[in-house]
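**Student:** So that you have it, the file is target.txt, and it contains compact mmCIF, C-alpha atoms:
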```
# COMPACT_ATOMS: atom_id res chain seq x y z
CA MET Z 79 -8.28 11.17 -40.72
CA GLU Z 80 -8.02 12.49 -44.27
CA PHE Z 81 -8.50 10.27 -47.30
CA PHE Z 82 -9.65 10.39 -50.90
CA ALA Z 83 -12.54 8.29 -52.24
CA ASP Z 84 -13.51 7.38 -55.81
CA LEU Z 85 -16.97 5.85 -55.55
CA HIS Z 86 -18.17 5.61 -59.16
CA ILE Z 87 -16.27 3.04 -61.21
CA HIS Z 88 -17.07 -0.04 -63.28
CA SER Z 89 -15.93 -3.64 -63.46
CA ARG Z 90 -14.99 -5.67 -66.52
CA TYR Z 91 -18.60 -6.88 -66.60
CA SER Z 92 -19.77 -3.46 -67.83
CA ARG Z 93 -19.81 -2.66 -71.52
CA ALA Z 94 -16.90 -0.72 -73.00
CA THR Z 95 -14.62 -1.42 -70.04
CA SER Z 96 -11.17 -2.92 -69.76
CA LYS Z 97 -11.42 -6.70 -69.60
CA SER Z 98 -8.36 -6.80 -67.33
CA LEU Z 99 -10.18 -5.08 -64.45
CA THR Z 100 -9.90 -7.09 -61.24
CA LEU Z 101 -10.15 -6.16 -57.58
CA PRO Z 102 -6.38 -6.61 -57.01
CA LEU Z 103 -5.68 -4.37 -60.02
CA LEU Z 104 -8.03 -1.70 -58.67
CA CYS Z 105 -6.30 -1.96 -55.30
CA ARG Z 106 -2.91 -1.53 -56.97
CA HIS Z 107 -3.91 1.58 -58.93
CA ALA Z 108 -5.69 3.06 -55.91
CA GLN Z 109 -2.36 2.97 -54.08
CA LEU Z 110 -0.56 4.62 -56.99
CA LYS Z 111 -3.21 7.37 -57.08
CA GLY Z 112 -3.52 7.90 -53.32
CA ILE Z 113 -7.15 6.71 -53.19
CA GLY Z 114 -8.12 5.28 -49.80
CA VAL Z 115 -11.68 4.13 -50.59
CA VAL Z 116 -12.77 2.75 -53.97
CA GLY Z 117 -16.28 1.87 -55.09
CA THR Z 118 -16.60 -1.70 -56.27
CA GLY Z 119 -19.00 -0.79 -59.05
CA ASP Z 120 -21.41 -3.29 -60.61
CA PHE Z 121 -22.34 -5.30 -57.50
CA THR Z 122 -25.68 -6.31 -59.06
CA HIS Z 123 -23.86 -8.40 -61.67
CA PRO Z 124 -23.72 -12.01 -60.40
CA GLY Z 125 -20.20 -12.64 -61.70
CA TRP Z 126 -18.73 -9.53 -60.10
CA PHE Z 127 -20.69 -10.01 -56.88
CA ALA Z 128 -19.22 -13.52 -56.59
CA GLU Z 129 -15.70 -12.11 -56.97
CA ILE Z 130 -16.44 -9.46 -54.35
CA GLY Z 131 -17.53 -12.18 -51.90
CA GLU Z 132 -14.51 -14.36 -52.66
CA GLN Z 133 -11.78 -11.70 -52.77
CA LEU Z 134 -12.83 -9.11 -50.18
CA GLU Z 135 -13.28 -9.35 -46.43
CA PRO Z 136 -14.94 -6.97 -43.94
CA ALA Z 137 -12.85 -4.12 -42.60
CA GLU Z 138 -14.24 -0.99 -40.92
CA PRO Z 139 -18.07 -0.75 -40.74
CA GLY Z 140 -19.47 -0.92 -44.27
CA LEU Z 141 -16.04 -1.16 -45.91
CA PHE Z 142 -14.03 -4.10 -47.24
CA ARG Z 143 -10.39 -4.91 -47.92
CA LEU Z 144 -8.61 -7.31 -50.20
CA ARG Z 145 -8.00 -10.71 -48.61
CA PRO Z 146 -4.38 -11.08 -47.36
CA GLU Z 147 -3.45 -13.78 -49.86
CA LEU Z 148 -4.27 -11.38 -52.73
CA LEU Z 149 -2.26 -8.42 -51.44
CA PRO Z 150 1.05 -9.44 -53.06
CA ALA Z 151 -0.57 -9.19 -56.51
CA ALA Z 152 -2.10 -5.83 -55.61
CA GLN Z 153 1.23 -4.41 -54.45
CA GLN Z 154 3.23 -5.69 -57.39
CA ALA Z 155 5.27 -2.81 -58.82
CA VAL Z 156 3.86 -0.39 -56.22
CA PRO Z 157 6.74 1.63 -54.68
CA GLY Z 158 6.99 1.45 -50.91
CA SER Z 159 6.28 5.18 -50.66
CA CYS Z 160 2.91 4.59 -52.33
CA GLN Z 161 1.77 1.50 -50.48
CA GLN Z 162 -1.27 2.05 -48.27
CA GLU Z 163 -4.35 0.22 -47.06
CA VAL Z 164 -7.18 0.44 -49.58
CA ARG Z 165 -10.83 -0.07 -48.75
CA PHE Z 166 -13.76 -0.95 -51.01
CA LEU Z 167 -17.34 0.30 -50.71
CA LEU Z 168 -20.20 -1.53 -52.45
CA THR Z 169 -21.58 0.55 -55.34
CA VAL Z 170 -23.43 0.13 -58.61
CA GLU Z 171 -24.69 2.45 -61.35
CA ILE Z 172 -28.20 1.83 -62.70
CA SER Z 173 -29.37 3.10 -66.08
CA ASN Z 174 -33.04 4.02 -65.66
CA ILE Z 175 -34.96 4.35 -68.95
CA TYR Z 176 -38.68 4.94 -68.51
CA LYS Z 177 -41.70 6.96 -69.54
CA ARG Z 178 -43.13 9.78 -67.45
CA ALA Z 179 -45.68 12.36 -68.54
CA GLY Z 180 -45.50 11.13 -72.12
CA ARG Z 181 -41.72 11.53 -72.42
CA THR Z 182 -38.90 9.01 -72.39
CA ARG Z 183 -36.52 9.68 -69.49
CA LYS Z 184 -32.95 8.36 -69.28
CA VAL Z 185 -31.26 8.84 -65.91
CA HIS Z 186 -28.18 7.18 -64.41
CA ASN Z 187 -28.15 6.68 -60.65
CA LEU Z 188 -25.29 5.61 -58.37
CA LEU Z 189 -26.29 3.34 -55.47
CA LEU Z 190 -24.29 2.78 -52.28
CA VAL Z 191 -25.02 0.02 -49.74
CA PRO Z 192 -23.37 -0.79 -46.39
CA GLY Z 193 -22.78 -4.53 -46.78
CA LEU Z 194 -23.13 -7.75 -48.74
CA GLU Z 195 -26.53 -8.61 -47.27
CA ALA Z 196 -27.96 -5.24 -48.29
CA ALA Z 197 -26.42 -5.63 -51.75
CA ALA Z 198 -27.99 -9.09 -52.10
CA ARG Z 199 -31.43 -7.81 -51.01
CA LEU Z 200 -31.28 -4.90 -53.44
CA THR Z 201 -30.09 -7.14 -56.27
CA GLU Z 202 -32.97 -9.56 -55.62
CA ARG Z 203 -35.49 -6.71 -55.89
CA LEU Z 204 -33.98 -5.33 -59.07
CA ALA Z 205 -33.68 -8.77 -60.69
CA ARG Z 206 -37.49 -8.95 -60.70
CA ILE Z 207 -37.57 -5.83 -62.86
CA GLY Z 208 -34.87 -6.41 -65.47
CA ASN Z 209 -31.86 -8.39 -66.66
CA LEU Z 210 -28.87 -7.91 -64.36
CA ARG Z 211 -26.61 -10.41 -66.13
CA SER Z 212 -26.08 -8.72 -69.48
CA ASP Z 213 -24.31 -5.59 -68.20
CA GLY Z 214 -22.57 -4.50 -65.01
CA ARG Z 215 -24.46 -1.22 -65.38
CA PRO Z 216 -27.94 -2.70 -65.89
CA ILE Z 217 -30.66 -0.96 -67.87
CA LEU Z 218 -33.99 -1.04 -66.04
CA GLY Z 219 -37.40 0.25 -67.12
CA LEU Z 220 -37.88 1.77 -63.69
CA ASP Z 221 -38.70 5.35 -62.73
CA SER Z 222 -35.85 7.02 -60.81
CA ARG Z 223 -38.31 7.86 -58.05
CA ASP Z 224 -39.27 4.19 -57.73
CA LEU Z 225 -35.63 3.07 -57.72
CA LEU Z 226 -35.02 5.46 -54.84
CA GLU Z 227 -37.97 3.96 -52.98
CA ILE Z 228 -36.53 0.45 -53.38
CA VAL Z 229 -33.13 1.66 -52.15
CA LEU Z 230 -34.68 3.27 -49.07
CA GLU Z 231 -36.59 0.08 -48.30
CA THR Z 232 -33.48 -2.08 -48.66
CA ASP Z 233 -31.43 -0.69 -45.77
CA PRO Z 234 -31.50 2.47 -43.61
CA LEU Z 235 -27.93 3.25 -44.72
CA ALA Z 236 -28.42 2.57 -48.42
CA CYS Z 237 -28.44 5.70 -50.55
CA LEU Z 238 -28.84 6.99 -54.10
CA ILE Z 239 -26.67 9.68 -55.69
CA PRO Z 240 -27.79 11.01 -59.09
CA ALA Z 241 -24.87 10.34 -61.44
CA HIS Z 242 -23.14 12.96 -63.64
CA ILE Z 243 -26.23 15.14 -63.36
CA TRP Z 244 -25.58 17.34 -66.43
CA THR Z 245 -24.69 14.72 -69.07
CA PRO Z 246 -27.03 15.39 -72.03
CA TRP Z 247 -28.32 11.88 -72.65
CA PHE Z 248 -28.36 10.02 -69.31
CA SER Z 249 -28.80 12.24 -66.26
CA ALA Z 250 -31.28 14.00 -64.00
CA LEU Z 251 -30.65 17.53 -65.33
CA GLY Z 252 -29.18 16.91 -68.80
CA SER Z 253 -30.61 18.64 -71.84
CA PHE Z 254 -32.61 15.56 -72.88
CA SER Z 255 -33.81 14.55 -69.40
CA GLY Z 256 -37.03 16.57 -69.34
CA PHE Z 257 -36.36 17.59 -65.74
CA ASP Z 258 -35.33 21.05 -64.60
CA SER Z 259 -34.73 20.18 -60.94
CA ILE Z 260 -33.79 17.24 -58.74
CA ALA Z 261 -37.20 17.59 -57.09
CA ASP Z 262 -38.88 17.03 -60.47
CA CYS Z 263 -36.95 13.83 -61.08
CA TYR Z 264 -37.40 12.18 -57.67
CA ALA Z 265 -40.83 13.61 -56.89
CA ASP Z 266 -42.12 13.01 -53.35
CA LEU Z 267 -38.90 11.23 -52.30
CA ALA Z 268 -36.55 14.01 -53.45
CA THR Z 269 -35.75 15.03 -49.87
CA HIS Z 270 -33.89 11.70 -49.47
CA VAL Z 271 -31.32 12.79 -52.05
CA PHE Z 272 -28.49 14.65 -50.34
CA ALA Z 273 -25.54 14.43 -52.75
CA LEU Z 274 -25.12 14.96 -56.49
CA GLU Z 275 -22.32 13.82 -58.79
CA THR Z 276 -21.28 16.75 -60.98
CA GLY Z 277 -19.60 14.66 -63.73
CA LEU Z 278 -16.44 15.16 -65.76
CA SER Z 279 -17.89 17.98 -67.88
CA SER Z 280 -18.77 20.30 -64.99
CA ASP Z 281 -17.15 21.45 -61.76
CA PRO Z 282 -18.56 22.86 -58.51
CA ALA Z 283 -18.21 26.47 -59.68
CA MET Z 284 -20.57 25.79 -62.57
CA ASN Z 285 -23.07 24.15 -60.22
CA TRP Z 286 -22.92 27.06 -57.77
CA ARG Z 287 -24.75 29.15 -60.38
CA VAL Z 288 -27.93 27.10 -59.73
CA SER Z 289 -29.30 28.00 -56.29
CA SER Z 290 -31.55 24.91 -56.05
CA LEU Z 291 -28.38 22.79 -55.78
CA ASP Z 292 -27.08 24.54 -52.66
CA ARG Z 293 -28.61 21.96 -50.32
CA TYR Z 294 -26.63 19.07 -51.83
CA ALA Z 295 -23.08 17.87 -51.34
CA LEU Z 296 -21.40 18.08 -54.75
CA VAL Z 297 -19.33 14.94 -55.23
CA SER Z 298 -16.95 13.82 -57.95
CA SER Z 299 -15.79 10.40 -59.11
CA SER Z 300 -13.85 9.05 -62.06
CA ASP Z 301 -16.56 6.86 -63.64
CA ALA Z 302 -13.49 4.81 -64.57
CA HIS Z 303 -13.78 2.09 -67.20
CA SER Z 304 -10.15 1.07 -66.67
CA ALA Z 305 -7.86 1.01 -63.65
CA GLU Z 306 -5.64 3.69 -65.19
CA LYS Z 307 -8.52 6.23 -65.08
CA LEU Z 308 -9.08 5.70 -61.36
CA GLY Z 309 -8.95 8.93 -59.37
CA ARG Z 310 -9.18 11.39 -62.26
CA GLU Z 311 -11.94 12.85 -60.08
CA ALA Z 312 -12.41 12.05 -56.40
CA CYS Z 313 -13.85 13.21 -53.06
CA ARG Z 314 -11.80 14.33 -50.08
CA PHE Z 315 -12.98 13.26 -46.64
CA GLY Z 316 -11.81 14.31 -43.19
CA CYS Z 317 -13.67 11.78 -41.07
CA VAL Z 318 -13.28 8.26 -39.72
CA ARG Z 319 -12.87 5.86 -42.60
CA SER Z 320 -16.15 3.93 -42.43
CA TYR Z 321 -19.34 3.81 -44.46
CA PRO Z 322 -21.55 5.43 -41.75
CA ALA Z 323 -19.04 8.25 -41.21
CA MET Z 324 -18.75 8.94 -44.94
CA LEU Z 325 -22.52 8.92 -45.31
CA GLU Z 326 -22.92 11.38 -42.45
CA ALA Z 327 -20.22 13.60 -43.95
CA LEU Z 328 -22.23 13.82 -47.18
CA ARG Z 329 -25.52 14.34 -45.38
CA ASN Z 330 -24.09 17.19 -43.32
CA PRO Z 331 -21.19 18.78 -45.24
CA ALA Z 332 -21.14 21.80 -42.96
CA ALA Z 333 -19.82 19.60 -40.13
CA GLY Z 334 -16.50 19.29 -41.95
CA GLY Z 335 -16.30 15.58 -42.68
CA PHE Z 336 -16.66 16.23 -46.41
CA GLN Z 337 -13.79 18.43 -47.53
CA GLY Z 338 -14.46 18.88 -51.22
CA THR Z 339 -13.37 17.34 -54.49
CA VAL Z 340 -10.57 16.78 -56.93
CA GLU Z 341 -11.72 17.77 -60.41
CA PHE Z 342 -11.00 17.02 -64.04
CA PHE Z 343 -10.83 20.22 -66.09
CA PRO Z 344 -14.45 20.39 -67.34
CA GLU Z 345 -13.31 21.80 -70.69
CA GLU Z 346 -11.74 18.38 -71.31
CA GLY Z 347 -15.08 16.61 -70.84
CA LYS Z 348 -16.63 15.35 -74.05
CA TYR Z 349 -20.04 16.83 -73.16
CA HIS Z 350 -18.85 20.25 -71.95
CA LEU Z 351 -19.69 22.16 -75.15
CA ASP Z 352 -22.54 21.83 -77.64
CA GLY Z 353 -22.03 20.18 -80.98
CA HIS Z 354 -22.04 17.19 -83.26
CA ARG Z 355 -19.29 14.62 -82.77
CA GLY Z 356 -19.84 13.12 -86.24
CA CYS Z 357 -19.48 16.52 -87.87
CA GLY Z 358 -16.52 17.54 -85.73
CA VAL Z 359 -18.44 20.58 -84.49
CA ARG Z 360 -18.00 22.07 -80.99
CA LEU Z 361 -19.87 25.25 -80.08
CA SER Z 362 -19.94 27.61 -77.13
CA PRO Z 363 -23.37 28.61 -75.79
CA GLU Z 364 -23.05 31.93 -77.63
CA GLU Z 365 -22.22 30.20 -80.92
CA THR Z 366 -25.14 27.80 -80.46
CA ARG Z 367 -27.54 30.69 -80.00
CA ALA Z 368 -26.11 32.43 -83.05
CA CYS Z 369 -26.80 29.42 -85.28
CA HIS Z 370 -30.21 28.77 -83.65
CA ALA Z 371 -28.99 25.45 -82.18
CA LEU Z 372 -28.53 23.97 -85.66
CA CYS Z 373 -25.29 22.29 -86.73
CA PRO Z 374 -23.49 24.56 -89.24
CA THR Z 375 -22.28 21.45 -91.11
CA CYS Z 376 -25.36 19.24 -91.44
CA GLY Z 377 -28.17 21.59 -90.39
CA LYS Z 378 -29.58 19.23 -87.76
CA PRO Z 379 -30.13 20.22 -84.10
CA VAL Z 380 -26.92 20.10 -82.07
CA THR Z 381 -26.50 18.17 -78.85
CA VAL Z 382 -26.83 20.75 -76.07
CA GLY Z 383 -23.89 20.21 -73.73
CA VAL Z 384 -23.27 20.84 -70.07
CA LEU Z 385 -22.12 24.46 -70.22
CA SER Z 386 -25.23 25.53 -72.13
CA ARG Z 387 -27.53 23.48 -69.92
CA VAL Z 388 -26.11 25.03 -66.75
CA ASP Z 389 -26.55 28.43 -68.37
CA GLN Z 390 -30.22 27.62 -69.07
CA LEU Z 391 -30.98 26.76 -65.43
CA ALA Z 392 -28.65 29.25 -63.73
CA ASP Z 393 -30.14 31.98 -61.57
CA ARG Z 394 -26.75 33.38 -60.53
CA PRO Z 395 -23.82 34.87 -62.44
CA ALA Z 396 -20.60 32.98 -63.07
CA GLY Z 397 -18.23 33.40 -60.14
CA HIS Z 398 -20.86 33.22 -57.40
CA ARG Z 399 -19.91 31.01 -54.47
CA PRO Z 400 -22.53 30.00 -51.88
CA PRO Z 401 -21.56 30.44 -48.22
CA GLY Z 402 -19.99 27.27 -46.81
CA ALA Z 403 -19.47 25.61 -50.20
CA ALA Z 404 -16.85 22.87 -50.08
CA PRO Z 405 -13.59 23.69 -51.90
CA TYR Z 406 -12.22 21.92 -54.94
CA VAL Z 407 -8.97 21.66 -56.88
CA ARG Z 408 -8.37 20.92 -60.55
CA LEU Z 409 -5.50 18.59 -61.32
CA ILE Z 410 -3.92 17.26 -64.49
CA PRO Z 411 -3.09 13.52 -64.48
CA LEU Z 412 0.62 12.88 -63.99
CA ALA Z 413 0.88 10.84 -67.19
CA GLU Z 414 -0.44 13.75 -69.24
CA ILE Z 415 2.13 16.14 -67.75
CA VAL Z 416 4.97 13.72 -68.38
CA GLY Z 417 3.65 12.96 -71.86
CA GLU Z 418 3.64 16.66 -72.70
CA LEU Z 419 7.23 17.00 -71.49
CA LEU Z 420 8.40 13.94 -73.42
CA GLN Z 421 6.18 14.76 -76.42
CA GLN Z 422 4.66 11.28 -76.25
CA GLY Z 423 1.17 9.93 -75.63
CA ALA Z 424 0.13 9.51 -72.02
CA ALA Z 425 -0.37 5.76 -72.50
CA THR Z 426 3.00 5.08 -74.17
CA ARG Z 427 5.56 2.85 -72.54
CA GLY Z 428 8.11 5.64 -72.22
CA VAL Z 429 5.69 7.86 -70.32
CA GLN Z 430 4.62 5.02 -68.03
CA GLN Z 431 8.25 4.19 -67.22
CA ALA Z 432 8.97 7.85 -66.44
CA CYS Z 433 5.91 8.02 -64.15
CA ASP Z 434 7.05 4.85 -62.38
CA ARG Z 435 10.46 6.42 -61.73
CA LEU Z 436 8.86 9.56 -60.34
CA LEU Z 437 6.63 7.57 -58.01
CA ARG Z 438 9.61 5.59 -56.71
CA GLN Z 439 11.61 8.75 -56.11
CA ILE Z 440 8.91 11.11 -54.83
CA GLY Z 441 5.89 9.08 -53.72
CA ARG Z 442 2.30 8.76 -54.80
CA ALA Z 443 0.40 11.14 -57.01
CA HIS Z 444 -3.02 11.82 -55.49
CA VAL Z 445 -4.76 11.65 -58.87
```
Go ahead and render the structure in this file as structure tokens.

**Tutor:**
Amino acid sequence: MEFFADLHIHSRYSRATSKSLTLPLLCRHAQLKGIGVVGTGDFTHPGWFAEIGEQLEPAEPGLFRLRPELLPAAQQAVPGSCQQEVRFLLTVEISNIYKRAGRTRKVHNLLLVPGLEAAARLTERLARIGNLRSDGRPILGLDSRDLLEIVLETDPLACLIPAHIWTPWFSALGSFSGFDSIADCYADLATHVFALETGLSSDPAMNWRVSSLDRYALVSSSDAHSAEKLGREACRFGCVRSYPAMLEALRNPAAGGFQGTVEFFPEEGKYHLDGHRGCGVRLSPEETRACHALCPTCGKPVTVGVLSRVDQLADRPAGHRPPGAAPYVRLIPLAEIVGELLQQGAATRGVQQACDRLLRQIGRAHV
């Protein structure tokens, strides 16, 4: 079967997220967006984990569905043409901040586990290291390599996916990471990493310029902090809808179970170009080189963004496509298209009403 999955999201227990986020609300917006599998996010937070246990029930292997008594709330205002069964997969993002070789490293990692027992075991291990209650995306003073070791010891099907790998401040390959390869970051356990999240500020074509990334499945997710942002990036699968089948599809993309991604336009990502947000400065790689990486407004070093960082590590020209690379499409959110036509903001009531009418008349938008 074919379905879309958005595996990297957050709950209302994470900082800077919508406080209205609930599992029924996520289920509702997944239907509107055509998302068949949604990450729970934040399962290490005790409050969210309790809600997961109370509101979800087992479905296919490693996946969960909303309990029947909660479905009416999830399908409220969802047109019949958009209604579908939605599954949840247990996920959490960990913020690893640690010292290695005399440098501070800041790397975000997305963890996937196949069930509540595995999630509880992993949470118990991580709770010995840091505070899991203060934030749904906990900050741990734990080397990324050591986090991967704990994940591998937790369950044979548990896995780690480096999150938004090019983000300047918190990623495996960002300009401030201190790592120039995935192997550098995860050391002797790097062979257990088989998928990478490209992030909102890059797309697969940018990553294809770096030959060391050819061995990985390039995945995309929304990193949504509100239900409305669900599905702005997603993965397309063509396999049985189950955790083991999805995992195998990512481990072996050439077999066809992983069919590529839906992408945000990377130019819209806030980290795509270099610059200084406070100074209102955005620079292309060429402009950054011309000003010696110093902000033309304040004279301080600029934040090196994703496009420049890819250019630094690239060993191929733009436009190169590795044999067998999974395809991708770029899509504009429906609300932004309607907002442009109506000359209103995407979040305005008029735009939302127009989108609702379109969904009732035509059916779901896939992103």

**Student:** In Å, with one decimal, what is the gap from atom CA of Z:Ser304 to atom CA of Z:Leu104?

**Tutor:** 8.7 Å

**Student:** Hey, which bits of stretch 216-254 of chain Z sit within 10 Å of stretch 285-302 of chain Z, and for each residue what's the closest pair of atoms and how far apart in Å (one decimal), counting all atoms listed in the file, rows by chain and increasing number, as CSV?

**Tutor:**
```
residue,atom,partner,partner_atom,distance
Z:Ile239,CA,Z:Val297,CA,9.0
Z:Ala241,CA,Z:Asp301,CA,9.3
Z:His242,CA,Z:Ser298,CA,8.5
Z:Trp244,CA,Z:Asn285,CA,9.6
```

**Student:** When you look at Z:Phe257 with a cut-off of 12 Å (counting all atoms listed in the file), what residues show up, excluding the ones that are within fewer than 2 positions of it in the same chain? I need them as a PyMOL selection string.

**Tutor:** chain Z and resi 178-179+181-185+222+243-244+246+248-255+259-265+387+391

**Student:** In Å, rounded to a single decimal, give me how far atom CA of Z:Leu409 is from atom CA of Z:Leu103.

**Tutor:**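 Pair atom CA of Z:Leu103 / atom CA of Z:Leu409 returns 23.0 Å.
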
**Student:** Report as a ChimeraX atom specification all protein, DNA and RNA residues lying within 10 Å of Z:Gln430, evaluated on all atoms listed in the file, omitting residues in the same chain fewer than 4 positions from it.

**Tutor:** /Z:412-413,416-417,423-426,434-436

**Student:** Any idea what the distance is between atom CA of Z:Leu141 and atom CA of Z:Phe81?

**Tutor:**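 Here the two named atoms are 13.8 Å from each other.
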
**Student:** Quick one: residues within 10 Å of Z:Pro192, all atoms listed in the file counted, chain neighbours fewer than 4 positions away excluded, as a ChimeraX atom specification?

**Tutor:** /Z:139-142,167-169,196-197,233-237,320-322,325
